[in-house]
file model-v8.cif (mmCIF, C-alpha atoms and all ligand atoms)
data_work
loop_
_atom_site.label_atom_id
_atom_site.label_comp_id
_atom_site.auth_asym_id
_atom_site.auth_seq_id
_atom_site.Cartn_x
_atom_site.Cartn_y
_atom_site.Cartn_z
CA MET M 391 18.35 -35.58 39.36
CA THR M 392 19.46 -31.97 38.90
CA ALA M 393 17.69 -29.43 41.11
CA ARG M 394 15.87 -26.71 39.17
CA PRO M 395 17.42 -23.27 39.89
CA ARG M 396 15.36 -21.27 42.39
CA SER M 397 14.71 -18.41 39.93
CA ALA M 398 13.34 -20.87 37.33
CA ARG M 399 11.09 -22.43 39.96
CA ARG M 400 9.85 -18.99 40.98
CA LEU M 401 9.18 -18.08 37.34
CA ALA M 402 7.27 -21.31 36.74
CA ARG M 403 5.28 -20.79 39.93
CA GLY M 404 4.39 -17.22 38.91
CA LEU M 405 3.31 -18.32 35.43
CA VAL M 406 1.14 -21.18 36.65
CA ARG M 407 -0.38 -18.96 39.34
CA ARG M 408 -1.24 -16.27 36.83
CA VAL M 409 -2.91 -18.79 34.56
CA ALA M 410 -4.78 -20.27 37.54
CA ASP M 411 -6.03 -16.81 38.45
CA VAL M 412 -7.68 -16.14 35.11
CA MET M 413 -8.93 -19.49 33.88
CA ALA M 414 -11.89 -21.65 34.85
CA PRO M 415 -12.95 -24.01 36.31
CA PRO M 416 -10.76 -22.80 39.20
CA GLN M 417 -10.88 -25.82 41.51
CA ALA M 418 -9.85 -28.25 38.77
CA LEU M 419 -7.17 -25.92 37.50
CA ALA M 420 -5.76 -25.35 40.98
CA PHE M 421 -5.65 -29.12 41.43
CA TRP M 422 -3.54 -29.60 38.30
CA ALA M 423 -1.50 -26.46 38.85
CA ASP M 424 -0.45 -27.74 42.25
CA ARG M 425 0.72 -30.98 40.65
CA LEU M 426 2.75 -29.11 38.01
CA VAL M 427 4.50 -26.98 40.65
CA PRO M 428 4.08 -28.74 44.01
CA GLY M 429 3.40 -26.42 46.93
CA MET M 430 2.45 -23.43 44.79
CA ASP M 431 -0.84 -23.04 46.66
CA ALA M 432 0.56 -23.37 50.19
CA GLY M 433 0.26 -19.63 50.69
CA ARG M 434 -3.12 -19.17 49.04
CA ALA M 435 -6.72 -19.98 49.86
CA ARG M 436 -9.75 -19.97 47.59
CA VAL M 437 -13.05 -18.43 48.69
CA LEU M 438 -15.66 -21.21 48.45
CA GLU M 439 -18.64 -19.53 50.07
CA ARG M 440 -19.69 -16.26 51.68
CA ARG M 441 -22.64 -15.62 53.96
CA ARG M 442 -23.80 -12.79 56.21
CA ALA M 443 -22.87 -13.34 59.87
CA SER M 444 -24.36 -10.17 61.44
CA ALA M 445 -25.33 -6.63 60.45
CA ASP M 446 -21.67 -5.76 59.86
CA ALA M 447 -19.87 -9.08 59.39
CA VAL M 448 -19.57 -11.86 56.82
CA THR M 449 -18.33 -15.43 57.09
CA LEU M 450 -16.06 -16.72 54.33
CA VAL M 451 -15.41 -20.43 53.80
CA LEU M 452 -11.84 -20.86 52.54
CA GLN M 453 -10.02 -23.80 51.02
CA PRO M 454 -6.29 -23.35 51.69
CA GLY M 455 -3.81 -24.92 49.25
CA ARG M 456 -2.58 -28.44 49.93
CA GLY M 457 0.78 -27.37 51.36
CA TRP M 458 -0.72 -25.10 54.01
CA GLY M 459 0.20 -26.23 57.52
CA GLY M 460 -3.26 -26.19 59.17
CA CYS M 461 -4.51 -24.43 62.27
CA ARG M 462 -5.81 -25.23 65.75
CA PRO M 463 -8.87 -23.55 67.34
CA GLY M 464 -7.83 -20.27 68.94
CA ARG M 465 -4.88 -19.56 66.65
CA HIS M 466 -4.73 -16.86 63.96
CA VAL M 467 -3.81 -16.67 60.30
CA SER M 468 -2.71 -13.75 58.21
CA ILE M 469 -5.08 -13.12 55.27
CA GLY M 470 -4.10 -10.83 52.41
CA ALA M 471 -5.41 -9.49 49.13
CA GLU M 472 -4.36 -6.98 46.52
CA ILE M 473 -6.47 -3.84 46.88
CA GLU M 474 -5.95 -0.79 44.65
CA GLY M 475 -2.58 -2.13 43.55
CA ARG M 476 -1.23 -2.84 47.06
CA ARG M 477 -1.15 -6.05 49.09
CA VAL M 478 -3.02 -5.60 52.34
CA ARG M 479 -2.79 -8.16 55.16
CA ARG M 480 -4.63 -8.57 58.45
CA SER M 481 -4.85 -11.44 60.88
CA TYR M 482 -8.07 -13.32 61.56
CA SER M 483 -8.80 -16.18 63.90
CA PRO M 484 -10.69 -18.92 62.05
CA THR M 485 -14.13 -19.46 63.57
CA ALA M 486 -14.31 -23.04 62.27
CA ILE M 487 -11.60 -25.51 61.30
CA ARG M 488 -13.14 -28.41 59.43
CA ALA M 489 -11.98 -32.00 59.16
CA ASP M 490 -11.83 -31.61 55.33
CA GLY M 491 -9.17 -28.89 55.69
CA ARG M 492 -11.50 -25.96 55.01
CA ILE M 493 -11.59 -23.06 57.41
CA GLU M 494 -14.08 -20.27 58.06
CA ILE M 495 -13.21 -16.71 58.92
CA THR M 496 -15.78 -14.18 60.12
CA VAL M 497 -14.84 -10.65 59.14
CA LYS M 498 -16.34 -7.64 60.88
CA ARG M 499 -16.28 -4.34 59.02
CA VAL M 500 -13.80 -1.97 60.65
CA ALA M 501 -14.17 1.79 60.15
CA GLY M 502 -11.57 2.75 57.53
CA GLY M 503 -10.36 -0.86 57.19
CA LYS M 504 -9.49 -1.56 53.55
CA LEU M 505 -9.25 -5.35 53.83
CA SER M 506 -12.33 -5.77 56.02
CA ALA M 507 -14.40 -3.65 53.58
CA PHE M 508 -13.07 -5.69 50.65
CA LEU M 509 -13.81 -9.01 52.35
CA CYS M 510 -17.26 -7.86 53.53
CA ASP M 511 -18.40 -6.29 50.25
CA ASP M 512 -16.30 -7.18 47.24
CA VAL M 513 -14.47 -10.48 47.40
CA ALA M 514 -16.08 -12.98 45.02
CA VAL M 515 -16.68 -16.67 45.51
CA GLY M 516 -13.84 -18.34 43.59
CA ALA M 517 -11.28 -15.60 44.31
CA TRP M 518 -7.87 -16.41 45.76
CA LEU M 519 -6.60 -14.79 48.96
CA ASP M 520 -3.14 -14.97 50.54
CA ILE M 521 -2.95 -17.06 53.70
CA GLY M 522 0.00 -17.34 56.09
CA PRO M 523 0.96 -20.00 58.62
CA ALA M 524 -1.08 -20.19 61.82
CA PHE M 525 0.24 -18.40 64.90
CA GLY M 526 -0.84 -17.50 68.43
CA GLU M 527 -0.69 -19.15 71.82
CA MET M 528 -4.24 -18.98 73.21
CA THR M 529 -5.71 -22.43 72.55
CA LEU M 530 -7.88 -24.87 74.50
CA PRO M 531 -6.32 -25.84 77.84
CA ALA M 532 -4.80 -29.33 77.71
CA GLN M 533 -6.23 -30.12 81.15
CA ARG M 534 -9.94 -31.02 81.18
CA ASP M 535 -10.09 -31.02 84.98
CA ALA M 536 -12.01 -27.78 85.47
CA PRO M 537 -14.96 -25.96 83.91
CA LEU M 538 -14.20 -23.16 81.47
CA LEU M 539 -15.32 -19.56 81.23
CA PHE M 540 -14.95 -17.74 77.90
CA LEU M 541 -15.22 -13.92 77.93
CA ALA M 542 -15.51 -12.36 74.47
CA ALA M 543 -16.06 -8.79 73.28
CA GLY M 544 -16.51 -7.72 69.65
CA SER M 545 -14.27 -9.69 67.30
CA GLY M 546 -12.88 -11.49 70.36
CA ILE M 547 -15.64 -14.02 69.78
CA THR M 548 -13.77 -15.50 66.78
CA PRO M 549 -11.08 -17.64 68.51
CA LEU M 550 -13.51 -18.50 71.31
CA MET M 551 -16.18 -19.58 68.81
CA SER M 552 -13.70 -21.89 67.15
CA MET M 553 -12.91 -23.46 70.53
CA THR M 554 -16.60 -23.67 71.43
CA ARG M 555 -17.35 -25.48 68.16
CA ALA M 556 -14.42 -27.86 68.72
CA LEU M 557 -15.79 -28.73 72.19
CA ALA M 558 -19.34 -29.06 70.84
CA GLU M 559 -18.10 -31.54 68.22
CA ARG M 560 -16.81 -33.67 71.09
CA GLY M 561 -20.12 -33.44 72.94
CA MET M 562 -18.91 -30.69 75.32
CA PRO M 563 -16.50 -32.80 77.41
CA VAL M 564 -16.07 -29.99 79.95
CA ARG M 565 -18.59 -27.49 81.34
CA LEU M 566 -18.37 -24.15 79.52
CA THR M 567 -19.96 -20.73 80.07
CA LEU M 568 -19.58 -18.15 77.31
CA LEU M 569 -20.27 -14.47 78.01
CA VAL M 570 -20.19 -12.43 74.82
CA TRP M 571 -20.47 -8.65 74.60
CA ALA M 572 -21.70 -6.42 71.78
CA ARG M 573 -23.18 -2.96 71.59
CA ARG M 574 -26.33 -3.97 69.76
CA ARG M 575 -28.10 -7.29 69.28
CA ASP M 576 -27.70 -7.18 65.48
CA GLU M 577 -23.90 -7.00 65.87
CA LEU M 578 -23.78 -10.41 67.55
CA CYS M 579 -22.59 -13.35 65.45
CA PHE M 580 -23.42 -17.08 65.81
CA VAL M 581 -26.47 -16.40 68.01
CA ASP M 582 -28.69 -19.20 66.66
CA GLU M 583 -25.88 -21.74 66.72
CA LEU M 584 -24.87 -20.86 70.29
CA ARG M 585 -28.50 -21.02 71.42
CA GLY M 586 -28.71 -24.44 69.78
CA PHE M 587 -25.63 -25.65 71.69
CA ALA M 588 -27.13 -24.32 74.94
CA ARG M 589 -30.40 -26.11 74.22
CA ASP M 590 -28.79 -29.42 73.23
CA MET M 591 -25.78 -29.62 75.55
CA PRO M 592 -26.35 -29.50 79.31
CA GLY M 593 -22.70 -28.54 79.89
CA PHE M 594 -22.94 -25.33 77.85
CA ASP M 595 -24.34 -21.98 78.85
CA VAL M 596 -24.28 -18.68 76.90
CA ARG M 597 -25.15 -15.09 77.85
CA PHE M 598 -25.33 -12.26 75.31
CA MET M 599 -24.37 -9.03 77.05
CA LEU M 600 -25.53 -5.79 75.39
CA THR M 601 -24.11 -2.35 76.12
CA GLY M 602 -26.34 -0.27 73.82
CA ASP M 603 -29.60 -2.25 73.60
CA THR M 604 -32.12 -3.44 76.15
CA ALA M 605 -32.26 -7.13 77.02
CA THR M 606 -35.41 -8.88 75.83
CA GLU M 607 -34.51 -12.58 75.87
CA ASP M 608 -33.82 -14.84 78.85
CA ASP M 609 -30.19 -15.36 77.80
CA GLU M 610 -29.49 -11.64 77.31
CA GLY M 611 -28.07 -9.22 79.83
CA ILE M 612 -26.97 -5.60 79.81
CA GLY M 613 -23.88 -3.74 80.93
CA ARG M 614 -20.13 -3.76 80.60
CA ILE M 615 -17.96 -6.31 82.33
CA ASP M 616 -17.61 -5.61 86.05
CA ALA M 617 -17.36 -7.51 89.35
CA ALA M 618 -21.12 -7.58 90.02
CA LEU M 619 -21.91 -8.87 86.53
CA LEU M 620 -19.32 -11.65 86.79
CA ALA M 621 -20.51 -12.61 90.27
CA LYS M 622 -24.09 -12.80 88.99
CA HIS M 623 -23.41 -14.93 85.91
CA VAL M 624 -20.41 -16.96 87.12
CA PRO M 625 -20.76 -17.44 90.88
CA ASP M 626 -18.24 -20.32 90.78
CA ILE M 627 -15.48 -18.39 89.03
CA GLU M 628 -12.86 -19.74 91.47
CA THR M 629 -13.35 -23.20 89.90
CA ARG M 630 -12.93 -22.01 86.30
CA ARG M 631 -10.17 -21.75 83.73
CA VAL M 632 -10.85 -18.39 82.04
CA LEU M 633 -10.01 -17.38 78.47
CA ALA M 634 -10.71 -13.75 77.50
CA CYS M 635 -10.45 -12.10 74.10
CA GLY M 636 -11.43 -8.63 72.92
CA PRO M 637 -10.12 -5.08 72.67
CA ASN M 638 -7.25 -4.26 74.99
CA ASP M 639 -9.35 -2.29 77.51
CA PHE M 640 -11.81 -5.20 77.82
CA VAL M 641 -9.02 -7.74 78.34
CA ASP M 642 -7.39 -5.48 80.97
CA VAL M 643 -10.63 -5.32 82.96
CA ALA M 644 -11.23 -9.06 82.56
CA ARG M 645 -7.71 -9.75 83.82
CA ARG M 646 -8.13 -7.43 86.80
CA LEU M 647 -11.45 -9.04 87.76
CA ALA M 648 -10.79 -12.69 87.00
CA ALA M 649 -7.06 -13.46 87.08
CA SER M 650 -6.73 -13.49 90.87
CA GLN M 651 -10.04 -15.34 91.45
CA ALA M 652 -10.02 -18.02 88.77
CA LEU M 653 -8.10 -21.29 88.65
CA ALA M 654 -6.22 -20.06 85.58
CA PHE M 655 -6.44 -17.05 83.28
CA ASP M 656 -5.34 -16.64 79.66
CA SER M 657 -6.13 -13.79 77.31
CA GLU M 658 -5.45 -12.17 74.00
CA ALA M 659 -6.13 -8.57 72.99
CA PHE M 660 -6.57 -7.62 69.35
CA THR M 661 -5.94 -3.91 69.74
CA PRO M 662 -2.68 -2.32 70.91
CA PRO M 663 -2.60 -1.16 74.52
CA ARG M 664 -3.41 2.44 75.35
CA ILE M 665 -0.23 4.48 75.69
CA ALA M 666 0.24 5.45 79.35
CA ASP M 667 -0.40 9.13 80.05
CA ASP M 668 2.94 9.62 81.77
CA ILE M 669 4.96 8.62 78.70
CA ASP M 670 6.12 11.51 76.55
CA THR M 671 5.03 10.86 72.98
CA SER M 672 5.47 14.35 71.61
CA GLY M 673 7.74 15.38 68.78
CA SER M 674 9.50 13.34 66.15
CA VAL M 675 12.75 11.43 65.63
CA GLN M 676 15.08 10.68 62.73
CA VAL M 677 14.88 7.05 61.66
CA THR M 678 17.63 5.81 59.32
CA LEU M 679 16.83 2.77 57.21
CA ALA M 680 20.23 1.10 56.87
CA ALA M 681 19.48 -1.00 53.76
CA SER M 682 18.25 1.91 51.64
CA GLN M 683 20.11 4.68 53.48
CA ARG M 684 16.87 6.67 53.66
CA VAL M 685 16.41 9.00 56.60
CA LEU M 686 12.82 9.64 57.68
CA THR M 687 11.33 11.97 60.24
CA LEU M 688 8.75 9.93 62.12
CA PRO M 689 6.44 10.86 65.01
CA ARG M 690 7.07 9.28 68.41
CA SER M 691 3.33 9.01 69.03
CA SER M 692 2.58 5.89 66.97
CA SER M 693 4.06 2.45 66.49
CA LEU M 694 7.00 2.21 64.10
CA LEU M 695 4.86 0.10 61.77
CA GLU M 696 2.15 2.77 61.55
CA ALA M 697 4.71 5.57 61.23
CA LEU M 698 6.58 3.79 58.41
CA GLU M 699 3.31 3.04 56.60
CA ALA M 700 2.25 6.68 56.93
CA ALA M 701 5.60 7.58 55.33
CA GLY M 702 4.72 5.44 52.31
CA LEU M 703 6.66 2.27 53.15
CA ALA M 704 5.13 -1.20 53.28
CA PRO M 705 7.03 -3.20 55.93
CA ALA M 706 6.11 -6.89 56.20
CA HIS M 707 3.49 -7.44 58.87
CA GLY M 708 0.75 -9.85 59.90
CA CYS M 709 -1.16 -9.55 63.16
CA ARG M 710 -0.23 -5.94 64.08
CA MET M 711 -0.42 -6.91 67.76
CA GLY M 712 2.99 -8.41 68.58
CA ILE M 713 2.16 -12.08 68.14
CA CYS M 714 3.20 -13.37 64.71
CA ASN M 715 6.74 -11.91 64.52
CA THR M 716 6.32 -11.06 60.81
CA CYS M 717 7.36 -7.44 61.40
CA ALA M 718 10.54 -8.34 63.36
CA CYS M 719 13.48 -6.23 62.31
CA GLY M 720 16.97 -5.47 63.56
CA LYS M 721 17.82 -2.25 65.38
CA ARG M 722 21.40 -1.01 65.17
CA SER M 723 21.16 1.96 67.51
CA GLY M 724 18.76 4.13 69.43
CA SER M 725 16.15 3.75 72.15
CA THR M 726 12.66 2.35 71.74
CA ARG M 727 9.65 1.85 73.96
CA HIS M 728 7.58 -1.33 74.02
CA LEU M 729 3.88 -0.53 73.59
CA HIS M 730 2.66 -3.41 75.77
CA THR M 731 4.98 -3.09 78.74
CA GLY M 732 6.07 0.55 78.47
CA ALA M 733 9.67 -0.68 78.91
CA LEU M 734 12.47 1.38 77.42
CA GLU M 735 15.07 -0.50 75.39
CA HIS M 736 18.50 1.07 74.93
CA GLU M 737 20.51 -1.98 73.79
CA PRO M 738 22.38 -0.89 70.63
CA VAL M 739 22.00 -4.09 68.58
CA THR M 740 18.78 -5.92 69.13
CA ALA M 741 15.63 -7.12 67.35
CA LEU M 742 12.26 -5.43 67.69
CA ARG M 743 8.73 -5.87 66.39
CA LEU M 744 7.67 -2.77 64.52
CA CYS M 745 3.97 -3.10 65.42
CA VAL M 746 4.44 -2.94 69.20
CA THR M 747 7.40 -0.56 69.36
CA ARG M 748 7.64 3.22 69.31
CA ALA M 749 10.75 5.26 68.78
CA ALA M 750 12.03 6.98 71.91
CA SER M 751 15.11 8.51 70.23
CA ASP M 752 16.72 8.65 66.78
CA LEU M 753 17.06 5.10 65.42
CA VAL M 754 18.92 3.06 62.83
CA LEU M 755 16.90 0.08 61.62
CA ASP M 756 17.83 -2.86 59.38
CA LEU M 757 15.25 -1.99 56.74
S1 LIG N 1 2.79 -7.77 62.73
FE1 LIG N 1 2.69 -9.59 63.95
S2 LIG N 1 4.26 -9.22 65.44
FE2 LIG N 1 4.14 -7.37 64.34
#

call {"tool": "encode", "arguments": {"input": "model-v8.cif", "output": "structure tokens", "more": "lines below"}}
Ligand code: FES
result
Amino acid sequence: MTARPRSARRLARGLVRRVADVMAPPQALAFWADRLVPGMDAGRARVLERRRASADAVTLVLQPGRGWGGCRPGRHVSIGAEIEGRRVRRSYSPTAIRADGRIEITVKRVAGGKLSAFLCDDVAVGAWLDIGPAFGEMTLPAQRDAPLLFLAAGSGITPLMSMTRALAERGMPVRLTLLVWARRRDELCFVDELRGFARDMPGFDVRFMLTGDTATEDDEGIGRIDAALLAKHVPDIETRRVLACGPNDFVDVARRLAASQALAFDSEAFTPPRIADDIDTSGSVQVTLAASQRVLTLPRSSSLLEALEAAGLAPAHGCRMGICNTCACGKRSGSTRHLHTGALEHEPVTALRLCVTRAASDLVLDL
């Protein structure tokens, strides 16, 4: 059998996809479209359902195409959509991964966030979204020899909720305490479900910690994460495996308080680290893009990804936090600083991730 040329395959895929986008009924059409051009839906997911998750968040039930590689609780996927003529992508950690292949993502509205606003307000049931392969390292510990402690702040609840649901489906085979922080009560997601788990499963315990509301229920507390709060709610922390997820500042405090006490500590931050005060971020540098021979003047104060986007470019990216490697690119010369570690990198030919790297000198990049 003669292989079809790649360009012809791409053309056929584009045509079938376009037809699938405009015709109904979508599920049936997608089914047949996938059989005409196998794998065409691997990178797409259809919105099957949407429901409100909190005052500022929605949950979307997605059906990824048949060729999609699946996901484990705790991992992330890149979700994308075309908004105002541009493809916008962000990473989300599915909050449920179902046996029938469907996944749920819970999207919190972010101030100024184009994709989160679109997913919260505008995306219709039946629409197609882009979906990338799963990535990320923070998953359930393989060892079931010790109780767990999950610490979640804001959107950090999403990977931990997925893991909590996976454990609940197995009847909670290990003792688990979940402490989840939000400013206000109406910003908390999954409250009824978590209370149901706590009621039905003796091994599970949840505390909703509020930083801008007063506590009125038995399972609510107030205050930011600190040593006294952890000692009060988790007096046996030295027996626990701890998983923490939230903004970078929250994860830093959790690590400082728990990493040395607990049996094991793992974490994931979904915001870039604060740039240390002693690092000079003033001024700008010349960045040469070798492929297009463009020379840009970019500020040293932001990540290369943000600086290139502000200059009107659209570099490939996924998680924007140094995990998925989508934004990896070659550097031919110049010095850079890693946003997580603060380390300077002077090696002339090396690879970097644009989202967690700032320019420290003039650069030449393989872009
Ligand atoms: S966008 Fe994921 S590593 Fe940079």

call {"tool": "axis_aligned_box", "arguments": {"input": "model-v8.cif", "around": "ligand LIG 1 (chain N)", "padding_each_side": "8 Å", "output": "AutoDock Vina command-line options"}}
result
--center_x 3.5 --center_y -8.5 --center_z 64.1 --size_x 17.6 --size_y 18.2 --size_z 18.7

call {"tool": "atom_distance", "arguments": {"input": "model-v8.cif", "atom1": "atom CA of M:Lys504", "atom2": "atom CA of M:Ile473"}}
result
7.7 Å

call {"tool": "residues_near_ligand", "arguments": {"input": "model-v8.cif", "ligand": "ligand LIG 1 (chain N)", "cutoff": "8 Å", "atoms": "all atoms listed in the file", "output": "MDAnalysis selection string"}}
result
chainID M and resid 695 706:718 743:746

call {"tool": "closest_residue", "arguments": {"input": "model-v8.cif", "among": "M:Asp626, M:Asp535, M:Asp582, M:Asp590", "to": "M:Gly561", "atoms": "all atoms listed in the file"}}
result
M:Asp590

call {"tool": "closest_residue", "arguments": {"input": "model-v8.cif", "among": "M:Leu647, M:Ala445, M:Ala471, M:Leu703", "to": "M:Arg573", "atoms": "all atoms listed in the file"}}
result
M:Ala445

call {"tool": "closest_residue", "arguments": {"input": "model-v8.cif", "among": "M:Leu620, M:Leu568, M:Ala654, M:Leu538", "to": "M:Met551", "atoms": "all atoms listed in the file"}}
result
M:Leu568

call {"tool": "closest_residue", "arguments": {"input": "model-v8.cif", "among": "M:Thr567, M:Ser468, M:Gln533, M:Ser545", "to": "M:Ile521", "atoms": "only C-alpha atoms"}}
result
M:Ser468

call {"tool": "decode", "arguments": {"input": "model-v8.cif", "residues": "stretch 521-543 of chain M", "atoms": "C-alpha atoms", "output": "PDB file, in the first residue's frame"}}
result
ATOM      1  CA  ILE M 521      -6.198  19.442  24.196  1.00  0.00           C
ATOM      2  CA  GLY M 522      -2.540  18.452  24.551  1.00  0.00           C
ATOM      3  CA  PRO M 523      -0.882  15.380  26.048  1.00  0.00           C
ATOM      4  CA  ALA M 524      -0.856  15.095  29.837  1.00  0.00           C
ATOM      5  CA  PHE M 525       2.228  16.275  31.712  1.00  0.00           C
ATOM      6  CA  GLY M 526       3.419  16.877  35.268  1.00  0.00           C
ATOM      7  CA  GLU M 527       5.071  14.813  37.964  1.00  0.00           C
ATOM      8  CA  MET M 528       2.940  15.312  41.094  1.00  0.00           C
ATOM      9  CA  THR M 529       0.728  12.213  41.275  1.00  0.00           C
ATOM     10  CA  LEU M 530      -0.448   9.891  44.036  1.00  0.00           C
ATOM     11  CA  PRO M 531       2.452   8.301  45.929  1.00  0.00           C
ATOM     12  CA  ALA M 532       2.970   4.670  44.887  1.00  0.00           C
ATOM     13  CA  GLN M 533       3.513   3.675  48.522  1.00  0.00           C
ATOM     14  CA  ARG M 534       0.322   3.309  50.587  1.00  0.00           C
ATOM     15  CA  ASP M 535       2.253   2.858  53.830  1.00  0.00           C
ATOM     16  CA  ALA M 536       1.557   6.254  55.383  1.00  0.00           C
ATOM     17  CA  PRO M 537      -1.365   8.663  55.769  1.00  0.00           C
ATOM     18  CA  LEU M 538      -1.531  11.604  53.384  1.00  0.00           C
ATOM     19  CA  LEU M 539      -1.903  15.334  53.901  1.00  0.00           C
ATOM     20  CA  PHE M 540      -3.055  17.482  50.970  1.00  0.00           C
ATOM     21  CA  LEU M 541      -2.545  21.264  51.232  1.00  0.00           C
ATOM     22  CA  ALA M 542      -4.363  23.272  48.555  1.00  0.00           C
ATOM     23  CA  ALA M 543      -4.782  26.998  47.955  1.00  0.00           C
TER      24      ALA M 543
END
